[in-house]
Amino acid sequence: MGERLTRDELAEAVRRGRASGLTFAFANGAFDLLHVGHVRYLEAARGEADRLIVAVNDDQGVRASKGPDRPVMRAEDRAELVAALRAVDYVVIFPESTVTPLLELLKPDVHCKGTDYTVDTVPERDTVKAYGGRIAIVGDPKDHSTTEWLKRVGP
């Protein structure tokens, strides 16, 4: 089971891991109502490095990007579910509108994004390039969506 850490604890875990020669992949998202697409994305991201860090949007960030009725679950619950996945080593909740500050702090070897992106459309690509990391597009086609699932089950 992965560990849910504060930003400072995570930075220290990455420092220790790097000192031991480990590489780090980084993935992020809302993970509101975990589904098979999330699992496949994180499993694929884990394959990119020795350890996988997952950044989970806080509740305010999910509301800003998904709408006033979201998230369905609190950030703490979403983070706990993500941490329980076998592919995940570390989970952190982030309040910023982008993961750029976390990328700048942690400098993961690989920044993983889902297949709804291309390397050229990843918003943080300049940040990752600046510190010498790489971007990997991972997971299965984006035909799984919490938003679409919620539309099907209704209010």
# chains A, B, ... in the order shown; residues from 1 in each chain; ligands from 1
>>> select_by_dssp(residues="chain A", states="alpha helix (DSSP H)", output="PDB file with N, CA, C and O atoms, in the first residue's frame")
ATOM      1  N   ARG A   7       3.649  17.351   1.501  1.00  0.00           N
ATOM      2  CA  ARG A   7       4.612  17.794   0.489  1.00  0.00           C
ATOM      3  C   ARG A   7       6.048  17.667   1.002  1.00  0.00           C
ATOM      4  O   ARG A   7       6.926  17.182   0.303  1.00  0.00           O
ATOM      5  N   ASP A   8       6.292  18.107   2.240  1.00  0.00           N
ATOM      6  CA  ASP A   8       7.647  18.038   2.805  1.00  0.00           C
ATOM      7  C   ASP A   8       8.093  16.591   3.003  1.00  0.00           C
ATOM      8  O   ASP A   8       9.242  16.246   2.717  1.00  0.00           O
ATOM      9  N   GLU A   9       7.201  15.747   3.500  1.00  0.00           N
ATOM     10  CA  GLU A   9       7.539  14.326   3.673  1.00  0.00           C
ATOM     11  C   GLU A   9       7.841  13.669   2.335  1.00  0.00           C
ATOM     12  O   GLU A   9       8.774  12.862   2.223  1.00  0.00           O
ATOM     13  N   LEU A  10       7.072  14.026   1.318  1.00  0.00           N
ATOM     14  CA  LEU A  10       7.292  13.472  -0.011  1.00  0.00           C
ATOM     15  C   LEU A  10       8.642  13.918  -0.571  1.00  0.00           C
ATOM     16  O   LEU A  10       9.391  13.113  -1.127  1.00  0.00           O
ATOM     17  N   ALA A  11       8.977  15.181  -0.419  1.00  0.00           N
ATOM     18  CA  ALA A  11      10.271  15.680  -0.903  1.00  0.00           C
ATOM     19  C   ALA A  11      11.417  14.919  -0.244  1.00  0.00           C
ATOM     20  O   ALA A  11      12.400  14.558  -0.902  1.00  0.00           O
ATOM     21  N   GLU A  12      11.279  14.636   1.045  1.00  0.00           N
ATOM     22  CA  GLU A  12      12.316  13.877   1.756  1.00  0.00           C
ATOM     23  C   GLU A  12      12.364  12.430   1.278  1.00  0.00           C
ATOM     24  O   GLU A  12      13.453  11.866   1.097  1.00  0.00           O
ATOM     25  N   ALA A  13      11.217  11.813   1.037  1.00  0.00           N
ATOM     26  CA  ALA A  13      11.182  10.438   0.530  1.00  0.00           C
ATOM     27  C   ALA A  13      11.849  10.348  -0.852  1.00  0.00           C
ATOM     28  O   ALA A  13      12.598   9.412  -1.130  1.00  0.00           O
ATOM     29  N   VAL A  14      11.602  11.336  -1.691  1.00  0.00           N
ATOM     30  CA  VAL A  14      12.231  11.367  -3.020  1.00  0.00           C
ATOM     31  C   VAL A  14      13.739  11.564  -2.881  1.00  0.00           C
ATOM     32  O   VAL A  14      14.524  10.883  -3.548  1.00  0.00           O
ATOM     33  N   ARG A  15      14.147  12.451  -1.999  1.00  0.00           N
ATOM     34  CA  ARG A  15      15.586  12.667  -1.785  1.00  0.00           C
ATOM     35  C   ARG A  15      16.266  11.364  -1.351  1.00  0.00           C
ATOM     36  O   ARG A  15      17.297  10.984  -1.898  1.00  0.00           O
ATOM     37  N   ARG A  16      15.674  10.681  -0.379  1.00  0.00           N
ATOM     38  CA  ARG A  16      16.248   9.410   0.094  1.00  0.00           C
ATOM     39  C   ARG A  16      16.260   8.358  -1.013  1.00  0.00           C
ATOM     40  O   ARG A  16      17.235   7.628  -1.173  1.00  0.00           O
ATOM     41  N   GLY A  17      15.177   8.283  -1.764  1.00  0.00           N
ATOM     42  CA  GLY A  17      15.105   7.314  -2.853  1.00  0.00           C
ATOM     43  C   GLY A  17      16.146   7.570  -3.923  1.00  0.00           C
ATOM     44  O   GLY A  17      16.801   6.644  -4.411  1.00  0.00           O
ATOM     45  N   ARG A  18      16.310   8.821  -4.284  1.00  0.00           N
ATOM     46  CA  ARG A  18      17.318   9.166  -5.293  1.00  0.00           C
ATOM     47  C   ARG A  18      18.719   8.814  -4.803  1.00  0.00           C
ATOM     48  O   ARG A  18      19.553   8.345  -5.577  1.00  0.00           O
ATOM     49  N   ALA A  19      18.976   9.030  -3.514  1.00  0.00           N
ATOM     50  CA  ALA A  19      20.279   8.697  -2.939  1.00  0.00           C
ATOM     51  C   ALA A  19      20.541   7.195  -3.030  1.00  0.00           C
ATOM     52  O   ALA A  19      21.690   6.764  -3.080  1.00  0.00           O
ATOM     53  N   VAL A  36     -11.744   1.782 -13.794  1.00  0.00           N
ATOM     54  CA  VAL A  36     -10.705   0.973 -14.435  1.00  0.00           C
ATOM     55  C   VAL A  36      -9.736   1.829 -15.259  1.00  0.00           C
ATOM     56  O   VAL A  36      -8.548   1.502 -15.356  1.00  0.00           O
ATOM     57  N   GLY A  37     -10.196   2.908 -15.835  1.00  0.00           N
ATOM     58  CA  GLY A  37      -9.299   3.794 -16.577  1.00  0.00           C
ATOM     59  C   GLY A  37      -8.220   4.381 -15.682  1.00  0.00           C
ATOM     60  O   GLY A  37      -7.062   4.493 -16.080  1.00  0.00           O
ATOM     61  N   HIS A  38      -8.604   4.751 -14.456  1.00  0.00           N
ATOM     62  CA  HIS A  38      -7.617   5.252 -13.490  1.00  0.00           C
ATOM     63  C   HIS A  38      -6.596   4.168 -13.168  1.00  0.00           C
ATOM     64  O   HIS A  38      -5.381   4.431 -13.133  1.00  0.00           O
ATOM     65  N   VAL A  39      -7.065   2.965 -12.911  1.00  0.00           N
ATOM     66  CA  VAL A  39      -6.169   1.864 -12.565  1.00  0.00           C
ATOM     67  C   VAL A  39      -5.186   1.598 -13.700  1.00  0.00           C
ATOM     68  O   VAL A  39      -3.977   1.455 -13.475  1.00  0.00           O
ATOM     69  N   ARG A  40      -5.673   1.553 -14.911  1.00  0.00           N
ATOM     70  CA  ARG A  40      -4.793   1.299 -16.070  1.00  0.00           C
ATOM     71  C   ARG A  40      -3.783   2.424 -16.272  1.00  0.00           C
ATOM     72  O   ARG A  40      -2.625   2.171 -16.617  1.00  0.00           O
ATOM     73  N   TYR A  41      -4.208   3.648 -16.070  1.00  0.00           N
ATOM     74  CA  TYR A  41      -3.308   4.815 -16.167  1.00  0.00           C
ATOM     75  C   TYR A  41      -2.191   4.702 -15.132  1.00  0.00           C
ATOM     76  O   TYR A  41      -1.002   4.843 -15.454  1.00  0.00           O
ATOM     77  N   LEU A  42      -2.545   4.405 -13.900  1.00  0.00           N
ATOM     78  CA  LEU A  42      -1.545   4.341 -12.839  1.00  0.00           C
ATOM     79  C   LEU A  42      -0.647   3.118 -12.968  1.00  0.00           C
ATOM     80  O   LEU A  42       0.554   3.200 -12.700  1.00  0.00           O
ATOM     81  N   GLU A  43      -1.182   1.995 -13.400  1.00  0.00           N
ATOM     82  CA  GLU A  43      -0.353   0.812 -13.648  1.00  0.00           C
ATOM     83  C   GLU A  43       0.687   1.111 -14.739  1.00  0.00           C
ATOM     84  O   GLU A  43       1.859   0.752 -14.612  1.00  0.00           O
ATOM     85  N   ALA A  44       0.248   1.769 -15.797  1.00  0.00           N
ATOM     86  CA  ALA A  44       1.175   2.111 -16.883  1.00  0.00           C
ATOM     87  C   ALA A  44       2.215   3.131 -16.421  1.00  0.00           C
ATOM     88  O   ALA A  44       3.397   3.027 -16.771  1.00  0.00           O
ATOM     89  N   ALA A  45       1.787   4.095 -15.628  1.00  0.00           N
ATOM     90  CA  ALA A  45       2.725   5.101 -15.104  1.00  0.00           C
ATOM     91  C   ALA A  45       3.775   4.427 -14.230  1.00  0.00           C
ATOM     92  O   ALA A  45       4.961   4.766 -14.292  1.00  0.00           O
ATOM     93  N   ARG A  46       3.362   3.469 -13.433  1.00  0.00           N
ATOM     94  CA  ARG A  46       4.294   2.750 -12.535  1.00  0.00           C
ATOM     95  C   ARG A  46       5.381   2.040 -13.334  1.00  0.00           C
ATOM     96  O   ARG A  46       6.515   1.906 -12.888  1.00  0.00           O
ATOM     97  N   ASP A  59     -10.225  19.332  -3.065  1.00  0.00           N
ATOM     98  CA  ASP A  59     -11.643  19.480  -3.395  1.00  0.00           C
ATOM     99  C   ASP A  59     -11.936  20.759  -4.174  1.00  0.00           C
ATOM    100  O   ASP A  59     -12.706  20.742  -5.135  1.00  0.00           O
ATOM    101  N   GLN A  60     -11.307  21.854  -3.790  1.00  0.00           N
ATOM    102  CA  GLN A  60     -11.529  23.118  -4.493  1.00  0.00           C
ATOM    103  C   GLN A  60     -11.061  23.018  -5.948  1.00  0.00           C
ATOM    104  O   GLN A  60     -11.716  23.514  -6.853  1.00  0.00           O
ATOM    105  N   GLY A  61      -9.933  22.360  -6.177  1.00  0.00           N
ATOM    106  CA  GLY A  61      -9.430  22.190  -7.532  1.00  0.00           C
ATOM    107  C   GLY A  61     -10.361  21.353  -8.395  1.00  0.00           C
ATOM    108  O   GLY A  61     -10.546  21.636  -9.586  1.00  0.00           O
ATOM    109  N   VAL A  62     -10.949  20.319  -7.808  1.00  0.00           N
ATOM    110  CA  VAL A  62     -11.892  19.487  -8.559  1.00  0.00           C
ATOM    111  C   VAL A  62     -13.138  20.297  -8.893  1.00  0.00           C
ATOM    112  O   VAL A  62     -13.634  20.241 -10.026  1.00  0.00           O
ATOM    113  N   ARG A  63     -13.653  21.066  -7.943  1.00  0.00           N
ATOM    114  CA  ARG A  63     -14.818  21.923  -8.217  1.00  0.00           C
ATOM    115  C   ARG A  63     -14.524  22.892  -9.360  1.00  0.00           C
ATOM    116  O   ARG A  63     -15.360  23.104 -10.241  1.00  0.00           O
ATOM    117  N   ALA A  64     -13.337  23.472  -9.339  1.00  0.00           N
ATOM    118  CA  ALA A  64     -12.965  24.447 -10.376  1.00  0.00           C
ATOM    119  C   ALA A  64     -12.909  23.794 -11.755  1.00  0.00           C
ATOM    120  O   ALA A  64     -13.297  24.410 -12.746  1.00  0.00           O
ATOM    121  N   SER A  65     -12.452  22.558 -11.833  1.00  0.00           N
ATOM    122  CA  SER A  65     -12.299  21.926 -13.150  1.00  0.00           C
ATOM    123  C   SER A  65     -13.492  21.078 -13.579  1.00  0.00           C
ATOM    124  O   SER A  65     -13.754  20.952 -14.769  1.00  0.00           O
ATOM    125  N   LYS A  66     -14.241  20.526 -12.604  1.00  0.00           N
ATOM    126  CA  LYS A  66     -15.323  19.598 -12.948  1.00  0.00           C
ATOM    127  C   LYS A  66     -16.719  20.149 -12.697  1.00  0.00           C
ATOM    128  O   LYS A  66     -17.693  19.578 -13.166  1.00  0.00           O
ATOM    129  N   ALA A  75     -11.179  14.815  -0.813  1.00  0.00           N
ATOM    130  CA  ALA A  75      -9.801  14.572  -1.242  1.00  0.00           C
ATOM    131  C   ALA A  75      -9.121  13.504  -0.391  1.00  0.00           C
ATOM    132  O   ALA A  75      -8.397  12.651  -0.914  1.00  0.00           O
ATOM    133  N   GLU A  76      -9.338  13.542   0.910  1.00  0.00           N
ATOM    134  CA  GLU A  76      -8.704  12.562   1.801  1.00  0.00           C
ATOM    135  C   GLU A  76      -9.136  11.141   1.453  1.00  0.00           C
ATOM    136  O   GLU A  76      -8.333  10.215   1.488  1.00  0.00           O
ATOM    137  N   ASP A  77     -10.415  10.959   1.110  1.00  0.00           N
ATOM    138  CA  ASP A  77     -10.914   9.637   0.739  1.00  0.00           C
ATOM    139  C   ASP A  77     -10.367   9.205  -0.620  1.00  0.00           C
ATOM    140  O   ASP A  77      -9.966   8.050  -0.807  1.00  0.00           O
ATOM    141  N   ARG A  78     -10.326  10.141  -1.569  1.00  0.00           N
ATOM    142  CA  ARG A  78      -9.783   9.823  -2.886  1.00  0.00           C
ATOM    143  C   ARG A  78      -8.311   9.443  -2.775  1.00  0.00           C
ATOM    144  O   ARG A  78      -7.852   8.479  -3.396  1.00  0.00           O
ATOM    145  N   ALA A  79      -7.568  10.186  -1.953  1.00  0.00           N
ATOM    146  CA  ALA A  79      -6.143   9.893  -1.763  1.00  0.00           C
ATOM    147  C   ALA A  79      -5.942   8.517  -1.126  1.00  0.00           C
ATOM    148  O   ALA A  79      -5.032   7.773  -1.512  1.00  0.00           O
ATOM    149  N   GLU A  80      -6.780   8.169  -0.169  1.00  0.00           N
ATOM    150  CA  GLU A  80      -6.657   6.861   0.480  1.00  0.00           C
ATOM    151  C   GLU A  80      -6.926   5.731  -0.507  1.00  0.00           C
ATOM    152  O   GLU A  80      -6.227   4.707  -0.508  1.00  0.00           O
ATOM    153  N   LEU A  81      -7.930   5.881  -1.352  1.00  0.00           N
ATOM    154  CA  LEU A  81      -8.220   4.859  -2.357  1.00  0.00           C
ATOM    155  C   LEU A  81      -7.064   4.710  -3.349  1.00  0.00           C
ATOM    156  O   LEU A  81      -6.659   3.598  -3.678  1.00  0.00           O
ATOM    157  N   VAL A  82      -6.535   5.833  -3.808  1.00  0.00           N
ATOM    158  CA  VAL A  82      -5.405   5.787  -4.748  1.00  0.00           C
ATOM    159  C   VAL A  82      -4.201   5.125  -4.087  1.00  0.00           C
ATOM    160  O   VAL A  82      -3.525   4.287  -4.691  1.00  0.00           O
ATOM    161  N   ALA A  83      -3.936   5.458  -2.832  1.00  0.00           N
ATOM    162  CA  ALA A  83      -2.794   4.873  -2.118  1.00  0.00           C
ATOM    163  C   ALA A  83      -2.938   3.361  -1.958  1.00  0.00           C
ATOM    164  O   ALA A  83      -1.935   2.650  -1.851  1.00  0.00           O
ATOM    165  N   THR A 100       2.584  22.098 -11.511  1.00  0.00           N
ATOM    166  CA  THR A 100       3.896  22.700 -11.754  1.00  0.00           C
ATOM    167  C   THR A 100       4.715  22.886 -10.478  1.00  0.00           C
ATOM    168  O   THR A 100       5.894  22.504 -10.452  1.00  0.00           O
ATOM    169  N   PRO A 101       4.157  23.444  -9.396  1.00  0.00           N
ATOM    170  CA  PRO A 101       4.976  23.590  -8.185  1.00  0.00           C
ATOM    171  C   PRO A 101       5.506  22.250  -7.650  1.00  0.00           C
ATOM    172  O   PRO A 101       6.650  22.181  -7.196  1.00  0.00           O
ATOM    173  N   LEU A 102       4.714  21.208  -7.722  1.00  0.00           N
ATOM    174  CA  LEU A 102       5.182  19.886  -7.284  1.00  0.00           C
ATOM    175  C   LEU A 102       6.271  19.349  -8.209  1.00  0.00           C
ATOM    176  O   LEU A 102       7.258  18.773  -7.753  1.00  0.00           O
ATOM    177  N   LEU A 103       6.097  19.535  -9.507  1.00  0.00           N
ATOM    178  CA  LEU A 103       7.125  19.087 -10.450  1.00  0.00           C
ATOM    179  C   LEU A 103       8.436  19.820 -10.200  1.00  0.00           C
ATOM    180  O   LEU A 103       9.516  19.205 -10.230  1.00  0.00           O
ATOM    181  N   GLU A 104       8.357  21.116  -9.951  1.00  0.00           N
ATOM    182  CA  GLU A 104       9.569  21.892  -9.688  1.00  0.00           C
ATOM    183  C   GLU A 104      10.245  21.460  -8.390  1.00  0.00           C
ATOM    184  O   GLU A 104      11.467  21.462  -8.294  1.00  0.00           O
ATOM    185  N   LEU A 105       9.460  21.089  -7.390  1.00  0.00           N
ATOM    186  CA  LEU A 105      10.007  20.640  -6.116  1.00  0.00           C
ATOM    187  C   LEU A 105      10.623  19.243  -6.223  1.00  0.00           C
ATOM    188  O   LEU A 105      11.746  19.014  -5.773  1.00  0.00           O
ATOM    189  N   LEU A 106       9.902  18.314  -6.828  1.00  0.00           N
ATOM    190  CA  LEU A 106      10.293  16.899  -6.828  1.00  0.00           C
ATOM    191  C   LEU A 106      11.173  16.504  -8.012  1.00  0.00           C
ATOM    192  O   LEU A 106      11.947  15.564  -7.919  1.00  0.00           O
ATOM    193  N   ARG A 125       4.783  20.679 -19.881  1.00  0.00           N
ATOM    194  CA  ARG A 125       5.915  20.165 -20.679  1.00  0.00           C
ATOM    195  C   ARG A 125       7.162  21.053 -20.572  1.00  0.00           C
ATOM    196  O   ARG A 125       8.270  20.543 -20.487  1.00  0.00           O
ATOM    197  N   ASP A 126       6.986  22.371 -20.546  1.00  0.00           N
ATOM    198  CA  ASP A 126       8.154  23.259 -20.448  1.00  0.00           C
ATOM    199  C   ASP A 126       8.846  23.116 -19.098  1.00  0.00           C
ATOM    200  O   ASP A 126      10.081  23.152 -19.016  1.00  0.00           O
ATOM    201  N   THR A 127       8.067  22.934 -18.047  1.00  0.00           N
ATOM    202  CA  THR A 127       8.635  22.729 -16.713  1.00  0.00           C
ATOM    203  C   THR A 127       9.454  21.447 -16.677  1.00  0.00           C
ATOM    204  O   THR A 127      10.591  21.431 -16.187  1.00  0.00           O
ATOM    205  N   VAL A 128       8.888  20.371 -17.193  1.00  0.00           N
ATOM    206  CA  VAL A 128       9.564  19.066 -17.191  1.00  0.00           C
ATOM    207  C   VAL A 128      10.841  19.139 -18.038  1.00  0.00           C
ATOM    208  O   VAL A 128      11.901  18.662 -17.617  1.00  0.00           O
ATOM    209  N   LYS A 129      10.740  19.755 -19.181  1.00  0.00           N
ATOM    210  CA  LYS A 129      11.915  19.904 -20.059  1.00  0.00           C
ATOM    211  C   LYS A 129      13.013  20.714 -19.367  1.00  0.00           C
ATOM    212  O   LYS A 129      14.194  20.387 -19.459  1.00  0.00           O
ATOM    213  N   ALA A 130      12.621  21.778 -18.643  1.00  0.00           N
ATOM    214  CA  ALA A 130      13.588  22.670 -17.998  1.00  0.00           C
ATOM    215  C   ALA A 130      14.445  21.945 -16.961  1.00  0.00           C
ATOM    216  O   ALA A 130      15.625  22.261 -16.804  1.00  0.00           O
ATOM    217  N   TYR A 131      13.889  20.986 -16.235  1.00  0.00           N
ATOM    218  CA  TYR A 131      14.700  20.281 -15.246  1.00  0.00           C
ATOM    219  C   TYR A 131      15.282  18.966 -15.775  1.00  0.00           C
ATOM    220  O   TYR A 131      15.958  18.246 -15.052  1.00  0.00           O
ATOM    221  N   THR A 146     -15.398   9.492 -15.156  1.00  0.00           N
ATOM    222  CA  THR A 146     -16.286   9.667 -14.008  1.00  0.00           C
ATOM    223  C   THR A 146     -17.458  10.553 -14.391  1.00  0.00           C
ATOM    224  O   THR A 146     -18.608  10.268 -14.048  1.00  0.00           O
ATOM    225  N   THR A 147     -17.207  11.619 -15.143  1.00  0.00           N
ATOM    226  CA  THR A 147     -18.267  12.528 -15.556  1.00  0.00           C
ATOM    227  C   THR A 147     -19.334  11.793 -16.350  1.00  0.00           C
ATOM    228  O   THR A 147     -20.531  11.942 -16.096  1.00  0.00           O
ATOM    229  N   GLU A 148     -18.911  10.982 -17.305  1.00  0.00           N
ATOM    230  CA  GLU A 148     -19.871  10.226 -18.115  1.00  0.00           C
ATOM    231  C   GLU A 148     -20.606   9.183 -17.289  1.00  0.00           C
ATOM    232  O   GLU A 148     -21.795   8.963 -17.455  1.00  0.00           O
ATOM    233  N   TRP A 149     -19.911   8.547 -16.379  1.00  0.00           N
ATOM    234  CA  TRP A 149     -20.529   7.553 -15.503  1.00  0.00           C
ATOM    235  C   TRP A 149     -21.608   8.219 -14.651  1.00  0.00           C
ATOM    236  O   TRP A 149     -22.715   7.694 -14.495  1.00  0.00           O
ATOM    237  N   LEU A 150     -21.313   9.391 -14.097  1.00  0.00           N
ATOM    238  CA  LEU A 150     -22.299  10.107 -13.277  1.00  0.00           C
ATOM    239  C   LEU A 150     -23.521  10.517 -14.091  1.00  0.00           C
ATOM    240  O   LEU A 150     -24.651  10.489 -13.601  1.00  0.00           O
ATOM    241  N   LYS A 151     -23.336  10.862 -15.363  1.00  0.00           N
ATOM    242  CA  LYS A 151     -24.465  11.193 -16.230  1.00  0.00           C
ATOM    243  C   LYS A 151     -25.370   9.976 -16.412  1.00  0.00           C
ATOM    244  O   LYS A 151     -26.595  10.106 -16.460  1.00  0.00           O
ATOM    245  N   ARG A 152     -24.779   8.800 -16.532  1.00  0.00           N
ATOM    246  CA  ARG A 152     -25.562   7.576 -16.735  1.00  0.00           C
ATOM    247  C   ARG A 152     -26.372   7.199 -15.489  1.00  0.00           C
ATOM    248  O   ARG A 152     -27.496   6.736 -15.612  1.00  0.00           O
ATOM    249  N   VAL A 153     -25.810   7.373 -14.309  1.00  0.00           N
ATOM    250  CA  VAL A 153     -26.531   6.971 -13.093  1.00  0.00           C
ATOM    251  C   VAL A 153     -27.492   8.041 -12.612  1.00  0.00           C
ATOM    252  O   VAL A 153     -28.404   7.746 -11.852  1.00  0.00           O
TER     253      VAL A 153
END
>>> select_by_dssp(residues="chain A", states="strand (DSSP E or B)", output="count of residues only")
28
>>> closest_residue(among="A:Leu52, A:Pro141, A:Pro108, A:Arg70", to="Glu3 of chain A", atoms="only C-alpha atoms")
A:Leu52
